[in-house]
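What follows is a set of notes on a single structure, which appears directly below.
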Amino acid sequence: GDARVRGQTGVLSERRGSYPFIDFRLLNNTTLSGEVGTKKKVKRLLSFQRYFHASRLLRGIVPQASLYLLDEDYLGQARHMLSKVGMWDFDIFLFDRLTNGNSLVTLLCHLFNVHGLIHHFQLDMVTLHRFLVMVQEDYHSQNPYHNAVHAADVTQAMHCYLREPKLANFLTPSDIMLGLLAAAAHDVDHPGVNQPFLIKTKHHLASLYQNVSVLENHHWRSTIGMLRESRLLAHLPKEVTQDIEQQLGSLILATDINRQNEFLIRLKSHLDNQDLRLEDAQDRHFMLQIALKCADICNPCRLWDLSKQWSERVCEEFYRQGDLEQKFELEISPLCNQQKDTIPSIQIGFMTYIVEPLFERWAQFTGDTPLSENMLNHLRRNKAKWRSLLHKQHSSSRSSDHSGQVTGSQEQTLNKETP
């Protein structure tokens, strides 16, 4: 059934644990018979899921500050990193290790303090921590890319963008809180497969959202469910919480890659006409959407060592989906065939058609600030490195092909005919 819950504000949310994780062991039954096992099996999975969520929250009393969770040896290093959280070379992988896998919770607690949001909105620190733990725990750590570390990385990038003078001079506390919350929760409960996969396997989420922004709708409604369950904003007036929930949805839905051209065309029009008025809440919200879109795909603009790790992780996730599709005799999705789609070729295409157009416009908006110039420089250098790696792959491939074809006149003739 429909596991969404309508609250007093009228926005539909999803109960945590209303659905089991995608169990790929049952996928074969799904594609052949259209059913996911028996009702008893599904009920058992649902019950375990609810128990699992509950047990994680009841393991102990939540401390006042997330850094207290750390071993003393790591505490100083983590604090030192947080003092440089606004630097673009921030290493989220190292920070996640130093925080014992609690990078998202630790980072958000710190940023809410830095931006004065706890005081401004009179938030209870324990309740905030409980909500952030819920968000972090609802990311799937088995996903190579769409996990809590990615959410923390996007949140750190969003923090950097919120400090850009062109934007920062106009932002309200509500804008900042919305930007950080949307960044933290924009991929929550991501199943590790894309929307076309959910549609062609007739997954319940595809039916629930009628094949439109399926994952983004799920991320948004799940976030609303956690906000209500934690009661983080319960002390605020109803109209305020309703506005926050709606704007969170608008921000998270903007990360749908299928809407990329829609936002680029609109941004280009604003910049060409010079008609952005950031005193206007509507224009500020639009630029928050653009900032979140930038933060979500900023990996190619990071230092090479960080960017390369993210590239390998996202391609590993693609390849896992491709292996599943091949196993269950489904058409392999674009970019998911490990035999044909190499990491360099995927990254070069991604940078050329998705990342560069967006970040060039972002730099035009910010006015070529040091951060924007730094990101574009990293982007160009990283693209050149991927091109070099792709060239080496092609050279190696041609070399290995020829090495087995040098015996006999027929083989030599074939080699001459090979382009």
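Letters for chains follow the order of the structure tokens (A, B, ...), residue numbers begin at 1 for each chain, and ligand numbers begin at 1 in the order shown.
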
**Message:** Which residues are near Leu306 of chain A? Cut-off 10 Å, only C-alpha atoms, ignore same chain within fewer than 4 positions. Put them as a list in words.
**Reply:** Asp89, Phe90, Asp91, Ile92, Phe93, Asn299, Pro300, Cys301, Arg302, Trp310 and Ser311 of chain A

Go ahead and dump the residues you just picked, N, CA, C and O atoms, as an mmCIF file, in the first residue's frame.
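Result saved to result-v6.cif:
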data_model
loop_
_atom_site.group_PDB
_atom_site.id
_atom_site.type_symbol
_atom_site.label_atom_id
_atom_site.label_comp_id
_atom_site.auth_asym_id
_atom_site.auth_seq_id
_atom_site.Cartn_x
_atom_site.Cartn_y
_atom_site.Cartn_z
ATOM 1 N N ASP A 89 40.017 22.413 -0.523
ATOM 2 C CA ASP A 89 40.799 21.174 -0.523
ATOM 3 C C ASP A 89 40.449 20.277 0.665
ATOM 4 O O ASP A 89 41.182 19.343 0.994
ATOM 5 N N PHE A 90 39.314 20.519 1.312
ATOM 6 C CA PHE A 90 38.860 19.711 2.445
ATOM 7 C C PHE A 90 38.723 18.250 2.007
ATOM 8 O O PHE A 90 38.037 17.944 1.028
ATOM 9 N N ASP A 91 39.384 17.348 2.749
ATOM 10 C CA ASP A 91 39.397 15.927 2.407
ATOM 11 C C ASP A 91 38.312 15.207 3.204
ATOM 12 O O ASP A 91 38.507 14.858 4.362
ATOM 13 N N ILE A 92 37.155 14.974 2.574
ATOM 14 C CA ILE A 92 36.033 14.377 3.288
ATOM 15 C C ILE A 92 36.290 12.916 3.633
ATOM 16 O O ILE A 92 35.762 12.396 4.626
ATOM 17 N N PHE A 93 37.129 12.234 2.845
ATOM 18 C CA PHE A 93 37.449 10.837 3.140
ATOM 19 C C PHE A 93 38.251 10.739 4.444
ATOM 20 O O PHE A 93 37.982 9.888 5.282
ATOM 21 N N ASN A 299 32.475 16.930 -7.864
ATOM 22 C CA ASN A 299 33.645 16.056 -7.750
ATOM 23 C C ASN A 299 34.721 16.328 -8.802
ATOM 24 O O ASN A 299 35.911 16.339 -8.471
ATOM 25 N N PRO A 300 34.364 16.552 -10.077
ATOM 26 C CA PRO A 300 35.408 16.829 -11.071
ATOM 27 C C PRO A 300 36.146 18.138 -10.828
ATOM 28 O O PRO A 300 37.188 18.372 -11.453
ATOM 29 N N CYS A 301 35.627 18.986 -9.936
ATOM 30 C CA CYS A 301 36.265 20.268 -9.638
ATOM 31 C C CYS A 301 37.130 20.209 -8.380
ATOM 32 O O CYS A 301 37.663 21.226 -7.941
ATOM 33 N N ARG A 302 37.260 19.021 -7.799
ATOM 34 C CA ARG A 302 38.100 18.845 -6.610
ATOM 35 C C ARG A 302 39.545 18.551 -7.028
ATOM 36 O O ARG A 302 39.846 18.340 -8.214
ATOM 37 N N TRP A 310 36.261 9.739 -6.235
ATOM 38 C CA TRP A 310 34.822 9.829 -6.478
ATOM 39 C C TRP A 310 34.465 9.235 -7.835
ATOM 40 O O TRP A 310 33.430 8.562 -7.983
ATOM 41 N N SER A 311 35.297 9.477 -8.836
ATOM 42 C CA SER A 311 35.036 8.935 -10.175
ATOM 43 C C SER A 311 35.020 7.413 -10.156
ATOM 44 O O SER A 311 34.146 6.781 -10.768
#

Enumerate the residues of segment 259-406 of chain A with a DSSP assignment of helix (DSSP H, G or I), computed from the backbone, and present them as a compact mmCIF listing (two decimals) with C-alpha atoms, in the first residue's frame.
# COMPACT_ATOMS: atom_id res chain seq x y z
CA ARG A 259 16.16 18.77 -15.43
CA GLN A 260 19.70 19.99 -16.12
CA ASN A 261 18.88 21.87 -19.32
CA GLU A 262 15.82 23.47 -17.75
CA PHE A 263 17.93 25.07 -15.03
CA LEU A 264 20.82 25.96 -17.34
CA ILE A 265 18.54 27.77 -19.78
CA ARG A 266 16.90 29.70 -16.97
CA LEU A 267 20.26 30.60 -15.38
CA LYS A 268 21.68 31.72 -18.74
CA SER A 269 18.64 33.92 -19.31
CA HIS A 270 19.01 35.58 -15.89
CA LEU A 271 22.74 36.18 -16.38
CA ASP A 272 22.39 37.48 -19.93
CA ASN A 273 19.55 39.82 -18.93
CA ALA A 281 13.20 35.44 -2.05
CA GLN A 282 12.26 33.71 -5.29
CA ASP A 283 15.55 34.59 -6.98
CA ARG A 284 17.53 33.62 -3.88
CA HIS A 285 15.79 30.25 -3.86
CA PHE A 286 16.63 29.72 -7.51
CA MET A 287 20.30 30.39 -6.83
CA LEU A 288 20.16 27.97 -3.89
CA GLN A 289 18.89 25.37 -6.34
CA ILE A 290 21.83 26.13 -8.64
CA ALA A 291 24.26 25.99 -5.70
CA LEU A 292 22.93 22.58 -4.67
CA LYS A 293 23.18 21.31 -8.24
CA CYS A 294 26.80 22.49 -8.33
CA ALA A 295 27.58 20.90 -4.97
CA ASP A 296 26.01 17.62 -6.08
CA ASN A 299 33.65 16.06 -7.75
CA PRO A 300 35.41 16.83 -11.07
CA CYS A 301 36.27 20.27 -9.64
CA TRP A 304 42.80 15.18 -8.54
CA ASP A 305 43.29 12.65 -5.72
CA LEU A 306 39.81 13.34 -4.35
CA SER A 307 38.17 13.65 -7.74
CA LYS A 308 39.66 10.36 -8.92
CA GLN A 309 38.33 8.53 -5.86
CA TRP A 310 34.82 9.83 -6.48
CA SER A 311 35.04 8.94 -10.18
CA GLU A 312 36.03 5.38 -9.38
CA ARG A 313 33.26 5.09 -6.80
CA VAL A 314 30.46 6.33 -9.04
CA CYS A 315 31.60 4.09 -11.90
CA GLU A 316 31.75 1.12 -9.56
CA GLU A 317 28.12 1.81 -8.68
CA PHE A 318 27.25 2.04 -12.39
CA TYR A 319 29.02 -1.25 -13.09
CA ARG A 320 27.20 -3.01 -10.26
CA GLN A 321 23.91 -1.96 -11.80
CA GLY A 322 25.11 -3.17 -15.21
CA ASP A 323 26.08 -6.55 -13.74
CA LEU A 324 22.60 -6.89 -12.23
CA GLU A 325 20.97 -5.98 -15.50
CA GLN A 326 23.10 -8.52 -17.35
CA LYS A 327 22.42 -11.20 -14.75
CA ILE A 343 36.06 5.36 -16.28
CA PRO A 344 38.03 7.93 -18.35
CA SER A 345 35.44 7.99 -21.14
CA ILE A 346 32.56 8.30 -18.66
CA GLN A 347 34.28 11.13 -16.81
CA ILE A 348 35.25 13.06 -19.94
CA GLY A 349 31.68 12.95 -21.20
CA PHE A 350 30.31 13.93 -17.79
CA MET A 351 32.67 16.88 -17.52
CA THR A 352 32.07 18.07 -21.06
CA TYR A 353 28.28 17.92 -21.23
CA ILE A 354 27.16 18.29 -17.61
CA VAL A 355 29.81 19.84 -15.35
CA GLU A 356 31.53 22.46 -17.52
CA PRO A 357 28.35 24.24 -18.73
CA LEU A 358 27.02 24.52 -15.17
CA PHE A 359 30.23 25.67 -13.49
CA GLU A 360 31.05 28.18 -16.21
CA ARG A 361 27.67 29.80 -15.56
CA TRP A 362 28.24 29.61 -11.81
CA ALA A 363 31.55 31.42 -12.23
CA GLN A 364 29.76 34.04 -14.31
CA PHE A 365 27.29 34.51 -11.45
CA THR A 366 29.90 34.71 -8.67
CA PRO A 370 39.07 32.67 -6.18
CA LEU A 371 36.87 29.64 -5.43
CA SER A 372 35.25 29.62 -8.87
CA GLU A 373 38.58 30.04 -10.63
CA ASN A 374 40.07 27.28 -8.47
CA MET A 375 37.24 24.90 -9.34
CA LEU A 376 37.46 25.58 -13.07
CA ASN A 377 41.24 25.12 -13.00
CA HIS A 378 40.86 21.75 -11.25
CA LEU A 379 38.16 20.80 -13.75
CA ARG A 380 40.39 21.52 -16.74
CA ARG A 381 43.41 19.74 -15.24
CA ASN A 382 41.34 16.70 -14.24
CA LYS A 383 39.78 16.47 -17.69
CA ALA A 384 43.26 16.58 -19.25
CA LYS A 385 44.39 13.74 -16.96
CA TRP A 386 41.40 11.61 -17.90
CA ARG A 387 42.13 12.28 -21.58
CA SER A 388 45.71 11.15 -21.03
CA LEU A 389 44.55 7.98 -19.28
CA LEU A 390 42.05 7.30 -22.06
CA HIS A 391 44.81 7.69 -24.66
CA LYS A 392 47.00 5.23 -22.72
CA GLN A 393 44.12 2.75 -22.55
CA HIS A 394 43.59 2.96 -26.30
CA SER A 395 47.30 2.61 -26.98
CA SER A 396 47.54 -0.38 -24.66
CA SER A 397 44.48 -1.95 -26.25
CA ARG A 398 45.85 -1.55 -29.76
CA SER A 399 49.21 -2.90 -28.66
CA SER A 400 47.70 -6.01 -27.09
CA ASP A 401 45.50 -6.58 -30.15
CA HIS A 402 48.47 -6.44 -32.51
CA SER A 403 50.70 -8.58 -30.31

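Proximity to Val149 of chain A at 10 Å, evaluated using only C-alpha atoms and with sequence-adjacent residues fewer than 4 positions away removed, yields A:Ile92, A:Phe93, A:Phe95, A:Asp96, A:Gly101, A:Asn102, A:Ser103, A:Leu104, A:Gln136, A:Tyr139, A:Ser141, A:Pro144, A:Tyr145, A:Asp153, A:Val154, A:Thr155, A:Ala184.
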
Print the selection's residues with N, CA, C and O atoms to a file, as a PDB file, in the first residue's frame.
ATOM      1  N   ILE A  92      37.155  14.974   2.574  1.00  0.00           N
ATOM      2  CA  ILE A  92      36.033  14.377   3.288  1.00  0.00           C
ATOM      3  C   ILE A  92      36.290  12.916   3.633  1.00  0.00           C
ATOM      4  O   ILE A  92      35.762  12.396   4.626  1.00  0.00           O
ATOM      5  N   PHE A  93      37.129  12.234   2.845  1.00  0.00           N
ATOM      6  CA  PHE A  93      37.449  10.837   3.140  1.00  0.00           C
ATOM      7  C   PHE A  93      38.251  10.739   4.444  1.00  0.00           C
ATOM      8  O   PHE A  93      37.982   9.888   5.282  1.00  0.00           O
ATOM      9  N   PHE A  95      38.290  13.035   6.806  1.00  0.00           N
ATOM     10  CA  PHE A  95      37.412  13.485   7.881  1.00  0.00           C
ATOM     11  C   PHE A  95      36.466  12.365   8.312  1.00  0.00           C
ATOM     12  O   PHE A  95      36.189  12.195   9.507  1.00  0.00           O
ATOM     13  N   ASP A  96      35.990  11.572   7.366  1.00  0.00           N
ATOM     14  CA  ASP A  96      35.107  10.463   7.717  1.00  0.00           C
ATOM     15  C   ASP A  96      35.840   9.417   8.548  1.00  0.00           C
ATOM     16  O   ASP A  96      35.265   8.859   9.493  1.00  0.00           O
ATOM     17  N   GLY A 101      33.366   7.327  10.827  1.00  0.00           N
ATOM     18  CA  GLY A 101      32.204   7.126   9.984  1.00  0.00           C
ATOM     19  C   GLY A 101      31.038   8.041  10.282  1.00  0.00           C
ATOM     20  O   GLY A 101      29.935   7.817   9.774  1.00  0.00           O
ATOM     21  N   ASN A 102      31.262   9.066  11.085  1.00  0.00           N
ATOM     22  CA  ASN A 102      30.190  10.007  11.442  1.00  0.00           C
ATOM     23  C   ASN A 102      30.423  11.390  10.826  1.00  0.00           C
ATOM     24  O   ASN A 102      30.109  12.412  11.445  1.00  0.00           O
ATOM     25  N   SER A 103      30.941  11.418   9.606  1.00  0.00           N
ATOM     26  CA  SER A 103      31.291  12.704   8.998  1.00  0.00           C
ATOM     27  C   SER A 103      30.071  13.596   8.802  1.00  0.00           C
ATOM     28  O   SER A 103      30.148  14.811   9.014  1.00  0.00           O
ATOM     29  N   LEU A 104      28.947  13.023   8.396  1.00  0.00           N
ATOM     30  CA  LEU A 104      27.771  13.846   8.107  1.00  0.00           C
ATOM     31  C   LEU A 104      27.213  14.479   9.378  1.00  0.00           C
ATOM     32  O   LEU A 104      26.932  15.680   9.420  1.00  0.00           O
ATOM     33  N   GLN A 136      21.879  10.221   8.531  1.00  0.00           N
ATOM     34  CA  GLN A 136      23.113   9.503   8.217  1.00  0.00           C
ATOM     35  C   GLN A 136      22.877   8.002   8.130  1.00  0.00           C
ATOM     36  O   GLN A 136      23.387   7.325   7.229  1.00  0.00           O
ATOM     37  N   TYR A 139      21.310   6.534   4.860  1.00  0.00           N
ATOM     38  CA  TYR A 139      22.130   6.322   3.674  1.00  0.00           C
ATOM     39  C   TYR A 139      22.675   4.897   3.734  1.00  0.00           C
ATOM     40  O   TYR A 139      22.918   4.370   4.819  1.00  0.00           O
ATOM     41  N   SER A 141      25.512   2.396   3.405  1.00  0.00           N
ATOM     42  CA  SER A 141      26.971   2.391   3.390  1.00  0.00           C
ATOM     43  C   SER A 141      27.531   1.434   2.345  1.00  0.00           C
ATOM     44  O   SER A 141      28.690   1.564   1.937  1.00  0.00           O
ATOM     45  N   PRO A 144      28.832   2.303  -3.200  1.00  0.00           N
ATOM     46  CA  PRO A 144      30.164   2.886  -3.378  1.00  0.00           C
ATOM     47  C   PRO A 144      30.137   4.411  -3.435  1.00  0.00           C
ATOM     48  O   PRO A 144      31.057   5.069  -2.952  1.00  0.00           O
ATOM     49  N   TYR A 145      29.075   4.981  -4.017  1.00  0.00           N
ATOM     50  CA  TYR A 145      29.029   6.438  -4.224  1.00  0.00           C
ATOM     51  C   TYR A 145      27.910   7.114  -3.440  1.00  0.00           C
ATOM     52  O   TYR A 145      28.164   8.034  -2.669  1.00  0.00           O
ATOM     53  N   ASP A 153      30.164  15.370   1.692  1.00  0.00           N
ATOM     54  CA  ASP A 153      30.964  16.097   0.708  1.00  0.00           C
ATOM     55  C   ASP A 153      30.138  17.190   0.050  1.00  0.00           C
ATOM     56  O   ASP A 153      30.604  18.332  -0.121  1.00  0.00           O
ATOM     57  N   VAL A 154      28.911  16.879  -0.326  1.00  0.00           N
ATOM     58  CA  VAL A 154      28.020  17.870  -0.940  1.00  0.00           C
ATOM     59  C   VAL A 154      27.704  18.985   0.058  1.00  0.00           C
ATOM     60  O   VAL A 154      27.650  20.161  -0.311  1.00  0.00           O
ATOM     61  N   THR A 155      27.529  18.621   1.319  1.00  0.00           N
ATOM     62  CA  THR A 155      27.232  19.621   2.357  1.00  0.00           C
ATOM     63  C   THR A 155      28.409  20.569   2.552  1.00  0.00           C
ATOM     64  O   THR A 155      28.224  21.789   2.698  1.00  0.00           O
ATOM     65  N   ALA A 184      22.484  17.819   2.881  1.00  0.00           N
ATOM     66  CA  ALA A 184      22.703  16.642   3.720  1.00  0.00           C
ATOM     67  C   ALA A 184      21.769  15.492   3.352  1.00  0.00           C
ATOM     68  O   ALA A 184      22.144  14.321   3.432  1.00  0.00           O
TER      69      ALA A 184
END

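The nearest approach to Cys160 of chain A among the residues A:Gln247, A:Thr369, A:His119, A:Glu279, with only C-alpha atoms taken into account, belongs to A:Thr369.
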
Set out as a Markdown table a contact list for segment 328-370 of chain A and segment 187-204 of chain A with a cut-off of 10 Å, giving each residue of segment 328-370 of chain A that qualifies its closest atom pair and distance in Å to one decimal, counting only C-alpha atoms, ordered by chain and rising residue number.
| residue | atom | partner | partner_atom | distance |
| --- | --- | --- | --- | --- |
| A:Leu330 | CA | A:Lys200 | CA | 8.5 |
| A:Glu331 | CA | A:Lys200 | CA | 9.4 |
| A:Ile332 | CA | A:Phe197 | CA | 9.3 |
| A:Ser333 | CA | A:Phe197 | CA | 7.8 |

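Among A:Leu117, A:Leu205, A:Leu248, A:Leu107, the residue with the shortest atom-to-atom distance to Met81 of chain A, counting only C-alpha atoms, is A:Leu107.
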
**Message:** Can you pull out the residues contacting Ala185 of chain A? Cut-off 7 Å, using only C-alpha atoms, and skip same-chain residues under 5 positions away; I want them as a list in words.
**Reply:** Val135, Ala151, His219 and Thr223 of chain A

Selection to disk with N, CA, C and O atoms, as a PDB file, in the first residue's frame:
ATOM      1  N   VAL A 135      19.259  10.733   9.498  1.00  0.00           N
ATOM      2  CA  VAL A 135      19.617  10.985   8.103  1.00  0.00           C
ATOM      3  C   VAL A 135      20.835  10.160   7.715  1.00  0.00           C
ATOM      4  O   VAL A 135      20.849   9.470   6.687  1.00  0.00           O
ATOM      5  N   ALA A 151      27.042  12.604   0.869  1.00  0.00           N
ATOM      6  CA  ALA A 151      26.177  13.653   1.419  1.00  0.00           C
ATOM      7  C   ALA A 151      26.997  14.675   2.195  1.00  0.00           C
ATOM      8  O   ALA A 151      26.752  15.890   2.104  1.00  0.00           O
ATOM      9  N   HIS A 219      13.735  10.918  -1.840  1.00  0.00           N
ATOM     10  CA  HIS A 219      14.664  11.574  -0.918  1.00  0.00           C
ATOM     11  C   HIS A 219      13.942  12.682  -0.140  1.00  0.00           C
ATOM     12  O   HIS A 219      14.107  12.815   1.083  1.00  0.00           O
ATOM     13  N   THR A 223      12.948  12.681   3.866  1.00  0.00           N
ATOM     14  CA  THR A 223      13.470  13.743   4.728  1.00  0.00           C
ATOM     15  C   THR A 223      12.354  14.365   5.560  1.00  0.00           C
ATOM     16  O   THR A 223      12.524  14.602   6.766  1.00  0.00           O
TER      17      THR A 223
END
